[in-house]
$ cat structure22.pdb   # PDB, C-alpha atoms
ATOM      1  CA  MET A   1      17.361 -42.776  39.244  1.00  0.00           C
ATOM      2  CA  SER A   2      16.303 -39.129  38.785  1.00  0.00           C
ATOM      3  CA  MET A   3      14.953 -37.016  35.954  1.00  0.00           C
ATOM      4  CA  GLU A   4      17.848 -34.860  34.772  1.00  0.00           C
ATOM      5  CA  THR A   5      17.280 -31.697  32.780  1.00  0.00           C
ATOM      6  CA  VAL A   6      20.992 -30.866  32.585  1.00  0.00           C
ATOM      7  CA  ASP A   7      23.241 -32.844  30.230  1.00  0.00           C
ATOM      8  CA  PHE A   8      26.391 -33.280  32.313  1.00  0.00           C
ATOM      9  CA  THR A   9      28.361 -34.278  29.219  1.00  0.00           C
ATOM     10  CA  ARG A  10      27.716 -30.874  27.674  1.00  0.00           C
ATOM     11  CA  ALA A  11      28.468 -29.265  31.033  1.00  0.00           C
ATOM     12  CA  ALA A  12      31.866 -31.039  30.994  1.00  0.00           C
ATOM     13  CA  LEU A  13      31.548 -32.490  34.500  1.00  0.00           C
ATOM     14  CA  ARG A  14      35.041 -33.501  35.641  1.00  0.00           C
ATOM     15  CA  PRO A  15      36.628 -34.980  38.773  1.00  0.00           C
ATOM     16  CA  GLY A  16      37.534 -32.422  41.396  1.00  0.00           C
ATOM     17  CA  MET A  17      35.064 -29.769  40.229  1.00  0.00           C
ATOM     18  CA  ARG A  18      33.080 -27.676  42.689  1.00  0.00           C
ATOM     19  CA  VAL A  19      29.446 -27.727  41.565  1.00  0.00           C
ATOM     20  CA  LEU A  20      26.682 -25.435  42.847  1.00  0.00           C
ATOM     21  CA  ASP A  21      22.994 -26.184  42.248  1.00  0.00           C
ATOM     22  CA  VAL A  22      21.044 -22.943  42.830  1.00  0.00           C
ATOM     23  CA  GLY A  23      17.406 -23.590  43.703  1.00  0.00           C
ATOM     24  CA  CYS A  24      18.168 -27.282  44.044  1.00  0.00           C
ATOM     25  CA  GLY A  25      14.739 -28.305  45.355  1.00  0.00           C
ATOM     26  CA  GLU A  26      14.876 -31.948  46.375  1.00  0.00           C
ATOM     27  CA  GLY A  27      18.393 -32.282  45.030  1.00  0.00           C
ATOM     28  CA  ARG A  28      18.040 -34.144  41.745  1.00  0.00           C
ATOM     29  CA  HIS A  29      20.901 -32.381  39.939  1.00  0.00           C
ATOM     30  CA  THR A  30      23.052 -32.012  43.056  1.00  0.00           C
ATOM     31  CA  LEU A  31      22.852 -35.739  43.717  1.00  0.00           C
ATOM     32  CA  SER A  32      23.267 -36.663  40.047  1.00  0.00           C
ATOM     33  CA  ALA A  33      26.498 -34.664  39.821  1.00  0.00           C
ATOM     34  CA  TRP A  34      27.759 -36.243  43.051  1.00  0.00           C
ATOM     35  CA  LEU A  35      26.996 -39.750  41.774  1.00  0.00           C
ATOM     36  CA  GLN A  36      28.381 -39.248  38.265  1.00  0.00           C
ATOM     37  CA  ALA A  37      31.833 -37.940  39.179  1.00  0.00           C
ATOM     38  CA  PRO A  38      34.056 -37.324  42.222  1.00  0.00           C
ATOM     39  CA  VAL A  39      33.024 -33.684  42.625  1.00  0.00           C
ATOM     40  CA  HIS A  40      32.174 -31.417  45.542  1.00  0.00           C
ATOM     41  CA  ALA A  41      28.458 -30.738  45.021  1.00  0.00           C
ATOM     42  CA  VAL A  42      26.486 -28.113  46.923  1.00  0.00           C
ATOM     43  CA  GLY A  43      22.735 -27.600  46.687  1.00  0.00           C
ATOM     44  CA  VAL A  44      21.132 -24.341  47.824  1.00  0.00           C
ATOM     45  CA  ASP A  45      17.418 -23.680  48.306  1.00  0.00           C
ATOM     46  CA  LEU A  46      15.069 -21.639  50.505  1.00  0.00           C
ATOM     47  CA  ALA A  47      12.633 -24.528  51.082  1.00  0.00           C
ATOM     48  CA  SER A  48      13.706 -26.392  54.214  1.00  0.00           C
ATOM     49  CA  ALA A  49      11.270 -29.250  53.525  1.00  0.00           C
ATOM     50  CA  ASP A  50      12.792 -29.852  50.079  1.00  0.00           C
ATOM     51  CA  LEU A  51      16.291 -29.778  51.545  1.00  0.00           C
ATOM     52  CA  ALA A  52      15.272 -32.340  54.171  1.00  0.00           C
ATOM     53  CA  THR A  53      14.035 -34.597  51.372  1.00  0.00           C
ATOM     54  CA  ALA A  54      17.316 -34.101  49.475  1.00  0.00           C
ATOM     55  CA  ARG A  55      19.362 -35.068  52.540  1.00  0.00           C
ATOM     56  CA  ARG A  56      17.206 -38.145  53.129  1.00  0.00           C
ATOM     57  CA  ARG A  57      17.611 -39.229  49.511  1.00  0.00           C
ATOM     58  CA  GLN A  58      21.362 -38.766  49.725  1.00  0.00           C
ATOM     59  CA  ALA A  59      21.506 -40.930  52.856  1.00  0.00           C
ATOM     60  CA  GLU A  60      19.542 -43.689  51.104  1.00  0.00           C
ATOM     61  CA  LEU A  61      21.900 -43.842  48.108  1.00  0.00           C
ATOM     62  CA  PRO A  62      25.044 -45.997  47.893  1.00  0.00           C
ATOM     63  CA  GLN A  63      27.826 -43.937  49.437  1.00  0.00           C
ATOM     64  CA  PRO A  64      30.927 -43.716  47.195  1.00  0.00           C
ATOM     65  CA  GLN A  65      34.102 -44.140  49.202  1.00  0.00           C
ATOM     66  CA  GLY A  66      37.704 -43.047  48.884  1.00  0.00           C
ATOM     67  CA  ASP A  67      37.597 -40.632  45.932  1.00  0.00           C
ATOM     68  CA  GLY A  68      37.095 -37.346  47.791  1.00  0.00           C
ATOM     69  CA  ARG A  69      33.614 -36.515  46.515  1.00  0.00           C
ATOM     70  CA  SER A  70      31.193 -34.708  48.796  1.00  0.00           C
ATOM     71  CA  VAL A  71      27.636 -33.380  48.804  1.00  0.00           C
ATOM     72  CA  THR A  72      26.136 -30.656  50.987  1.00  0.00           C
ATOM     73  CA  PHE A  73      22.726 -28.985  51.167  1.00  0.00           C
ATOM     74  CA  ILE A  74      22.377 -25.432  52.501  1.00  0.00           C
ATOM     75  CA  GLU A  75      19.324 -23.257  53.155  1.00  0.00           C
ATOM     76  CA  ALA A  76      20.028 -19.866  51.584  1.00  0.00           C
ATOM     77  CA  SER A  77      18.706 -17.300  49.126  1.00  0.00           C
ATOM     78  CA  ALA A  78      19.879 -17.262  45.518  1.00  0.00           C
ATOM     79  CA  LEU A  79      20.205 -13.481  45.947  1.00  0.00           C
ATOM     80  CA  GLU A  80      22.680 -13.865  48.838  1.00  0.00           C
ATOM     81  CA  LEU A  81      24.741 -16.981  48.204  1.00  0.00           C
ATOM     82  CA  PRO A  82      26.939 -17.746  51.249  1.00  0.00           C
ATOM     83  CA  PHE A  83      30.111 -18.416  49.255  1.00  0.00           C
ATOM     84  CA  ALA A  84      33.282 -16.565  48.352  1.00  0.00           C
ATOM     85  CA  ALA A  85      33.746 -15.068  44.915  1.00  0.00           C
ATOM     86  CA  ALA A  86      34.985 -17.389  42.158  1.00  0.00           C
ATOM     87  CA  SER A  87      34.546 -20.527  44.276  1.00  0.00           C
ATOM     88  CA  PHE A  88      32.713 -22.844  41.834  1.00  0.00           C
ATOM     89  CA  ASP A  89      33.575 -24.408  38.464  1.00  0.00           C
ATOM     90  CA  LEU A  90      29.989 -25.201  37.453  1.00  0.00           C
ATOM     91  CA  VAL A  91      26.703 -23.627  38.504  1.00  0.00           C
ATOM     92  CA  ILE A  92      23.307 -25.141  37.713  1.00  0.00           C
ATOM     93  CA  CYS A  93      20.173 -22.986  37.791  1.00  0.00           C
ATOM     94  CA  SER A  94      17.439 -25.328  36.604  1.00  0.00           C
ATOM     95  CA  GLU A  95      13.773 -24.234  36.508  1.00  0.00           C
ATOM     96  CA  VAL A  96      14.413 -21.281  38.840  1.00  0.00           C
ATOM     97  CA  LEU A  97      14.509 -18.017  36.887  1.00  0.00           C
ATOM     98  CA  GLU A  98      10.823 -18.241  35.951  1.00  0.00           C
ATOM     99  CA  HIS A  99       9.956 -18.144  39.686  1.00  0.00           C
ATOM    100  CA  VAL A 100      11.937 -15.110  40.916  1.00  0.00           C
ATOM    101  CA  PHE A 101      11.204 -11.413  40.488  1.00  0.00           C
ATOM    102  CA  ASP A 102      14.853 -10.306  40.603  1.00  0.00           C
ATOM    103  CA  HIS A 103      16.243 -12.722  38.043  1.00  0.00           C
ATOM    104  CA  ARG A 104      19.088 -10.354  37.167  1.00  0.00           C
ATOM    105  CA  GLY A 105      20.087 -10.303  40.834  1.00  0.00           C
ATOM    106  CA  VAL A 106      20.230 -14.105  40.841  1.00  0.00           C
ATOM    107  CA  LEU A 107      22.409 -14.101  37.716  1.00  0.00           C
ATOM    108  CA  ALA A 108      24.705 -11.490  39.278  1.00  0.00           C
ATOM    109  CA  GLU A 109      25.188 -13.689  42.352  1.00  0.00           C
ATOM    110  CA  ILE A 110      25.834 -16.723  40.158  1.00  0.00           C
ATOM    111  CA  ARG A 111      28.443 -14.778  38.214  1.00  0.00           C
ATOM    112  CA  ARG A 112      30.084 -13.671  41.455  1.00  0.00           C
ATOM    113  CA  VAL A 113      30.559 -17.206  42.800  1.00  0.00           C
ATOM    114  CA  LEU A 114      31.477 -18.782  39.439  1.00  0.00           C
ATOM    115  CA  LYS A 115      35.117 -18.809  38.356  1.00  0.00           C
ATOM    116  CA  PRO A 116      36.031 -16.959  35.138  1.00  0.00           C
ATOM    117  CA  GLY A 117      35.778 -19.548  32.389  1.00  0.00           C
ATOM    118  CA  GLY A 118      33.392 -21.616  34.502  1.00  0.00           C
ATOM    119  CA  THR A 119      30.104 -22.989  33.178  1.00  0.00           C
ATOM    120  CA  LEU A 120      26.555 -21.927  33.964  1.00  0.00           C
ATOM    121  CA  VAL A 121      23.666 -24.185  32.956  1.00  0.00           C
ATOM    122  CA  ALA A 122      20.289 -22.438  33.068  1.00  0.00           C
ATOM    123  CA  SER A 123      17.000 -24.078  32.165  1.00  0.00           C
ATOM    124  CA  VAL A 124      13.459 -22.704  32.015  1.00  0.00           C
ATOM    125  CA  PRO A 125      10.120 -23.951  30.657  1.00  0.00           C
ATOM    126  CA  ARG A 126       9.901 -23.643  26.863  1.00  0.00           C
ATOM    127  CA  TYR A 127       7.693 -20.766  25.699  1.00  0.00           C
ATOM    128  CA  GLY A 128       5.127 -22.631  23.561  1.00  0.00           C
ATOM    129  CA  PRO A 129       4.209 -25.509  25.896  1.00  0.00           C
ATOM    130  CA  GLU A 130       4.315 -23.181  28.902  1.00  0.00           C
ATOM    131  CA  ARG A 131       2.051 -20.583  27.284  1.00  0.00           C
ATOM    132  CA  LEU A 132      -0.592 -23.235  26.611  1.00  0.00           C
ATOM    133  CA  CYS A 133      -0.397 -24.384  30.253  1.00  0.00           C
ATOM    134  CA  TRP A 134      -1.096 -20.777  31.320  1.00  0.00           C
ATOM    135  CA  LEU A 135      -4.053 -20.562  28.919  1.00  0.00           C
ATOM    136  CA  LEU A 136      -5.501 -23.842  30.173  1.00  0.00           C
ATOM    137  CA  SER A 137      -5.198 -23.092  33.887  1.00  0.00           C
ATOM    138  CA  ASP A 138      -4.755 -19.978  36.022  1.00  0.00           C
ATOM    139  CA  ALA A 139      -4.043 -22.209  39.038  1.00  0.00           C
ATOM    140  CA  TYR A 140      -0.986 -23.630  37.265  1.00  0.00           C
ATOM    141  CA  HIS A 141       0.949 -20.359  37.473  1.00  0.00           C
ATOM    142  CA  GLU A 142      -0.874 -18.381  40.166  1.00  0.00           C
ATOM    143  CA  ALA A 143      -0.029 -20.727  43.041  1.00  0.00           C
ATOM    144  CA  PRO A 144       2.328 -19.284  45.698  1.00  0.00           C
ATOM    145  CA  GLY A 145       5.898 -19.694  44.470  1.00  0.00           C
ATOM    146  CA  GLY A 146       4.652 -20.473  40.956  1.00  0.00           C
ATOM    147  CA  HIS A 147       5.819 -19.215  37.580  1.00  0.00           C
ATOM    148  CA  ILE A 148       5.705 -15.438  37.162  1.00  0.00           C
ATOM    149  CA  ARG A 149       7.129 -15.174  33.628  1.00  0.00           C
ATOM    150  CA  ILE A 150       7.686 -17.150  30.438  1.00  0.00           C
ATOM    151  CA  PHE A 151      10.986 -16.902  28.575  1.00  0.00           C
ATOM    152  CA  ARG A 152      11.534 -17.341  24.879  1.00  0.00           C
ATOM    153  CA  ARG A 153      14.809 -19.167  24.257  1.00  0.00           C
ATOM    154  CA  GLY A 154      16.469 -16.214  22.540  1.00  0.00           C
ATOM    155  CA  GLU A 155      15.331 -13.917  25.340  1.00  0.00           C
ATOM    156  CA  LEU A 156      16.948 -16.164  27.953  1.00  0.00           C
ATOM    157  CA  GLU A 157      20.168 -16.423  25.949  1.00  0.00           C
ATOM    158  CA  ARG A 158      20.387 -12.633  25.566  1.00  0.00           C
ATOM    159  CA  LEU A 159      19.507 -12.002  29.211  1.00  0.00           C
ATOM    160  CA  VAL A 160      22.233 -14.252  30.577  1.00  0.00           C
ATOM    161  CA  ALA A 161      24.775 -13.002  28.026  1.00  0.00           C
ATOM    162  CA  SER A 162      24.067  -9.415  29.123  1.00  0.00           C
ATOM    163  CA  CYS A 163      25.014 -10.393  32.682  1.00  0.00           C
ATOM    164  CA  GLY A 164      28.604 -11.312  31.782  1.00  0.00           C
ATOM    165  CA  PHE A 165      28.354 -14.718  30.103  1.00  0.00           C
ATOM    166  CA  ARG A 166      29.003 -16.172  26.650  1.00  0.00           C
ATOM    167  CA  HIS A 167      26.347 -18.484  25.216  1.00  0.00           C
ATOM    168  CA  LEU A 168      27.739 -21.886  24.230  1.00  0.00           C
ATOM    169  CA  ASP A 169      24.889 -24.269  23.465  1.00  0.00           C
ATOM    170  CA  SER A 170      21.161 -24.935  23.932  1.00  0.00           C
ATOM    171  CA  HIS A 171      18.852 -27.933  23.680  1.00  0.00           C
ATOM    172  CA  GLY A 172      15.366 -29.080  24.626  1.00  0.00           C
ATOM    173  CA  ALA A 173      14.418 -31.628  27.281  1.00  0.00           C
ATOM    174  CA  HIS A 174      11.427 -33.631  28.536  1.00  0.00           C
ATOM    175  CA  ALA A 175       9.224 -33.702  25.435  1.00  0.00           C
ATOM    176  CA  LEU A 176       7.170 -36.574  26.858  1.00  0.00           C
ATOM    177  CA  HIS A 177       6.221 -34.397  29.828  1.00  0.00           C
ATOM    178  CA  VAL A 178       4.452 -31.788  27.685  1.00  0.00           C
ATOM    179  CA  PRO A 179       1.191 -33.745  27.094  1.00  0.00           C
ATOM    180  CA  TYR A 180       1.112 -34.707  30.768  1.00  0.00           C
ATOM    181  CA  TRP A 181       1.123 -31.068  31.893  1.00  0.00           C
ATOM    182  CA  TRP A 182      -1.416 -30.056  29.281  1.00  0.00           C
ATOM    183  CA  LEU A 183      -3.717 -32.797  30.574  1.00  0.00           C
ATOM    184  CA  ARG A 184      -3.074 -31.751  34.177  1.00  0.00           C
ATOM    185  CA  CYS A 185      -3.896 -28.121  33.407  1.00  0.00           C
ATOM    186  CA  ALA A 186      -7.009 -29.019  31.390  1.00  0.00           C
ATOM    187  CA  THR A 187      -8.432 -31.167  34.194  1.00  0.00           C
ATOM    188  CA  GLY A 188      -7.236 -29.022  37.115  1.00  0.00           C
ATOM    189  CA  PRO A 189      -3.597 -29.101  38.320  1.00  0.00           C
ATOM    190  CA  ASP A 190      -4.621 -29.193  41.996  1.00  0.00           C
ATOM    191  CA  ARG A 191      -7.206 -31.952  41.734  1.00  0.00           C
ATOM    192  CA  ALA A 192      -6.516 -34.894  44.024  1.00  0.00           C
ATOM    193  CA  ASP A 193      -8.740 -37.113  41.847  1.00  0.00           C
ATOM    194  CA  ALA A 194      -6.742 -36.690  38.648  1.00  0.00           C
ATOM    195  CA  SER A 195      -8.372 -38.075  35.522  1.00  0.00           C
ATOM    196  CA  ALA A 196      -7.638 -41.612  34.371  1.00  0.00           C
ATOM    197  CA  LEU A 197      -5.701 -40.257  31.384  1.00  0.00           C
ATOM    198  CA  VAL A 198      -3.506 -38.103  33.651  1.00  0.00           C
ATOM    199  CA  ARG A 199      -2.790 -41.091  35.880  1.00  0.00           C
ATOM    200  CA  LEU A 200      -2.022 -43.265  32.874  1.00  0.00           C
ATOM    201  CA  TRP A 201       0.398 -40.708  31.407  1.00  0.00           C
ATOM    202  CA  HIS A 202       2.106 -40.357  34.788  1.00  0.00           C
ATOM    203  CA  ARG A 203       2.608 -44.129  34.874  1.00  0.00           C
ATOM    204  CA  LEU A 204       4.183 -43.890  31.397  1.00  0.00           C
ATOM    205  CA  LEU A 205       6.608 -41.194  32.606  1.00  0.00           C
ATOM    206  CA  VAL A 206       7.613 -43.240  35.663  1.00  0.00           C
ATOM    207  CA  TRP A 207       8.081 -46.351  33.523  1.00  0.00           C
ATOM    208  CA  ASP A 208      10.210 -44.379  31.074  1.00  0.00           C
ATOM    209  CA  LEU A 209      12.308 -42.975  33.936  1.00  0.00           C
ATOM    210  CA  MET A 210      12.916 -46.367  35.507  1.00  0.00           C
ATOM    211  CA  HIS A 211      13.501 -48.432  32.359  1.00  0.00           C
ATOM    212  CA  ALA A 212      14.512 -45.962  29.598  1.00  0.00           C
ATOM    213  CA  PRO A 213      13.128 -48.166  26.781  1.00  0.00           C
ATOM    214  CA  ARG A 214      14.495 -47.579  23.303  1.00  0.00           C
ATOM    215  CA  LEU A 215      11.166 -46.404  21.839  1.00  0.00           C
ATOM    216  CA  THR A 216      10.571 -43.594  24.335  1.00  0.00           C
ATOM    217  CA  ARG A 217      14.231 -42.569  24.241  1.00  0.00           C
ATOM    218  CA  LEU A 218      13.985 -42.241  20.443  1.00  0.00           C
ATOM    219  CA  LEU A 219      10.765 -40.236  20.751  1.00  0.00           C
ATOM    220  CA  GLU A 220      12.408 -37.944  23.285  1.00  0.00           C
ATOM    221  CA  HIS A 221      15.450 -37.513  21.027  1.00  0.00           C
ATOM    222  CA  TRP A 222      13.305 -36.582  18.011  1.00  0.00           C
ATOM    223  CA  LEU A 223      10.807 -34.356  19.809  1.00  0.00           C
ATOM    224  CA  ALA A 224      12.906 -32.543  22.423  1.00  0.00           C
ATOM    225  CA  PRO A 225      14.508 -30.020  20.021  1.00  0.00           C
ATOM    226  CA  ILE A 226      11.114 -28.574  19.076  1.00  0.00           C
ATOM    227  CA  PHE A 227       8.697 -29.857  21.706  1.00  0.00           C
ATOM    228  CA  GLY A 228      10.639 -30.192  24.960  1.00  0.00           C
ATOM    229  CA  LYS A 229       9.010 -28.964  28.163  1.00  0.00           C
ATOM    230  CA  SER A 230      12.298 -27.261  29.081  1.00  0.00           C
ATOM    231  CA  VAL A 231      14.952 -25.364  27.177  1.00  0.00           C
ATOM    232  CA  VAL A 232      18.471 -25.790  28.568  1.00  0.00           C
ATOM    233  CA  CYS A 233      21.226 -23.248  27.870  1.00  0.00           C
ATOM    234  CA  TYR A 234      24.963 -23.480  28.552  1.00  0.00           C
ATOM    235  CA  PHE A 235      27.149 -20.430  29.149  1.00  0.00           C
ATOM    236  CA  GLU A 236      30.764 -19.555  29.923  1.00  0.00           C
ATOM    237  CA  ARG A 237      31.436 -16.972  32.624  1.00  0.00           C
ATOM    238  CA  LEU A 238      33.469 -14.138  31.079  1.00  0.00           C
ATOM    239  CA  SER A 239      36.299 -12.409  32.887  1.00  0.00           C
ATOM    240  CA  THR A 240      35.748  -8.816  33.967  1.00  0.00           C
ATOM    241  CA  THR A 241      37.857  -7.601  31.023  1.00  0.00           C
ATOM    242  CA  GLU A 242      35.944  -9.713  28.489  1.00  0.00           C
ATOM    243  CA  ALA A 243      32.565  -8.635  29.873  1.00  0.00           C
ATOM    244  CA  ALA A 244      33.444  -4.921  29.757  1.00  0.00           C
TER     245      ALA A 244
END
$ encode --input "structure22.pdb" --output "structure tokens"
Amino acid sequence: MSMETVDFTRAALRPGMRVLDVGCGEGRHTLSAWLQAPVHAVGVDLASADLATARRRQAELPQPQGDGRSVTFIEASALELPFAAASFDLVICSEVLEHVFDHRGVLAEIRRVLKPGGTLVASVPRYGPERLCWLLSDAYHEAPGGHIRIFRRGELERLVASCGFRHLDSHGAHALHVPYWWLRCATGPDRADASALVRLWHRLLVWDLMHAPRLTRLLEHWLAPIFGKSVVCYFERLSTTEAA
């Protein structure tokens, strides 16, 4: 079971779709899409170690048979995606845009490989919780490959729309993770000897992930719209004529 930021129901995941996960990391959304529907899922990332972990996880999962689904992991840059134009139905870009300097270049490449009418799901850390993390700890965002910017939700929606997309929907996610990261930043995000409270909250998050009890699911449902660690936005790729 993995922690999903993307709501695949809102993304309208359907059999036969070609799905691209840009900046896939260890493959949580790539593998979730592959498991949820008979799709052709591709994960792309620059970190070879993360891709190796993704491939190992895929090999350890039950292997669906006979319905044509596939999953592939490729080492490549989000600025130079090794795919033909208009070759994917759904592109996921989850917790990536806050890391890259040329975020418009990434969005241009995503638009190039996404079919007109296709769906882009982009998520970033929510402004309020993220700003407090930055205030609590320089190490949190100054680490190599760390966060270089904070988006407000409206700013993200306008940015992506200006790159040839139509905004469809937005929601929050991972409200229960916000206190955990505040505690981590307050006590030192790189400390190996994390405080007892940090360890206890981490155990709560793992328990919630594995068992999804009704109480925590209700708390997440109530808090995510205003307190989620991430904001998740859904867009439709416009045709060249519509975007003009």
$ closest_atom_pairs --input "structure22.pdb" --of "region 44-85 of chain A" --to "region 13-30 of chain A" --cutoff "7 Å" --atoms "only C-alpha atoms" --output "CSV"
residue,atom,partner,partner_atom,distance
A:Val44,CA,A:Val22,CA,5.2
A:Asp45,CA,A:Gly23,CA,4.6
A:Asp50,CA,A:Glu26,CA,4.7
A:Leu51,CA,A:Glu26,CA,5.8
A:Thr53,CA,A:Glu26,CA,5.7
A:Ala54,CA,A:Glu26,CA,4.5
A:Ala78,CA,A:Val22,CA,6.4
$ resolve_selection --input "structure22.pdb" --expression "the PyMOL selection byres ((chain A and resi 127-136) around 9)" --output "PyMOL selection string"
chain A and resi 124-126+137-141+150-153+178-179+181-182+184-188+227-231
$ resolve_selection --input "structure22.pdb" --expression "the PyMOL selection byres ((chain A and resi 201) around 12)" --output "list of chain:residue names"
A:Leu176, A:His177, A:Val178, A:Pro179, A:Tyr180, A:Trp181, A:Trp182, A:Leu183, A:Arg184, A:Ala194, A:Ser195, A:Ala196, A:Leu197, A:Val198, A:Arg199, A:Leu200, A:His202, A:Arg203, A:Leu204, A:Leu205, A:Val206, A:Trp207, A:Asp208
$ write_last_selection --input "structure22.pdb" --atoms "C-alpha atoms" --output "compact mmCIF listing (two decimals), in the frame of the given file"
# COMPACT_ATOMS: atom_id res chain seq x y z
CA LEU A 176 7.17 -36.57 26.86
CA HIS A 177 6.22 -34.40 29.83
CA VAL A 178 4.45 -31.79 27.68
CA PRO A 179 1.19 -33.74 27.09
CA TYR A 180 1.11 -34.71 30.77
CA TRP A 181 1.12 -31.07 31.89
CA TRP A 182 -1.42 -30.06 29.28
CA LEU A 183 -3.72 -32.80 30.57
CA ARG A 184 -3.07 -31.75 34.18
CA ALA A 194 -6.74 -36.69 38.65
CA SER A 195 -8.37 -38.08 35.52
CA ALA A 196 -7.64 -41.61 34.37
CA LEU A 197 -5.70 -40.26 31.38
CA VAL A 198 -3.51 -38.10 33.65
CA ARG A 199 -2.79 -41.09 35.88
CA LEU A 200 -2.02 -43.26 32.87
CA HIS A 202 2.11 -40.36 34.79
CA ARG A 203 2.61 -44.13 34.87
CA LEU A 204 4.18 -43.89 31.40
CA LEU A 205 6.61 -41.19 32.61
CA VAL A 206 7.61 -43.24 35.66
CA TRP A 207 8.08 -46.35 33.52
CA ASP A 208 10.21 -44.38 31.07
$ residues_around --input "structure22.pdb" --residues "Ser123 (chain A)" --least-positions-apart "5" --cutoff "7 Å" --atoms "all atoms listed in the file" --output "ChimeraX atom specification"
/A:93-95,230-233
$ residues_around --input "structure22.pdb" --residues "Gln58 (chain A)" --least-positions-apart "2" --cutoff "12 Å" --atoms "all atoms listed in the file" --output "PyMOL selection string"
chain A and resi 1+26-35+41+43+51-56+60-64+70-73
$ residues_around --input "structure22.pdb" --residues "Leu79 (chain A)" --least-positions-apart "5" --cutoff "9 Å" --atoms "only C-alpha atoms" --output "short mmCIF file (atom, residue, chain, number, x, y, z; two decimals) with C-alpha atoms, keeping the file's coordinate frame"
data_model
loop_
_atom_site.label_atom_id
_atom_site.label_comp_id
_atom_site.auth_asym_id
_atom_site.auth_seq_id
_atom_site.Cartn_x
_atom_site.Cartn_y
_atom_site.Cartn_z
CA ASP A 102 14.85 -10.31 40.60
CA HIS A 103 16.24 -12.72 38.04
CA GLY A 105 20.09 -10.30 40.83
CA VAL A 106 20.23 -14.10 40.84
CA LEU A 107 22.41 -14.10 37.72
CA ALA A 108 24.70 -11.49 39.28
CA GLU A 109 25.19 -13.69 42.35
CA ILE A 110 25.83 -16.72 40.16
#
$ closest_residue --input "structure22.pdb" --among "A:Arg158, A:Arg112, A:His167, A:His99" --to "Pro144 (chain A)" --atoms "only C-alpha atoms"
A:His99
$ atom_distance --input "structure22.pdb" --atom1 "CA of Lys115 (chain A)" --atom2 "CA of Asp89 (chain A)"
5.8 Å
$ atom_distance --input "structure22.pdb" --atom1 "CA of His174 (chain A)" --atom2 "CA of Glu220 (chain A)"
6.9 Å
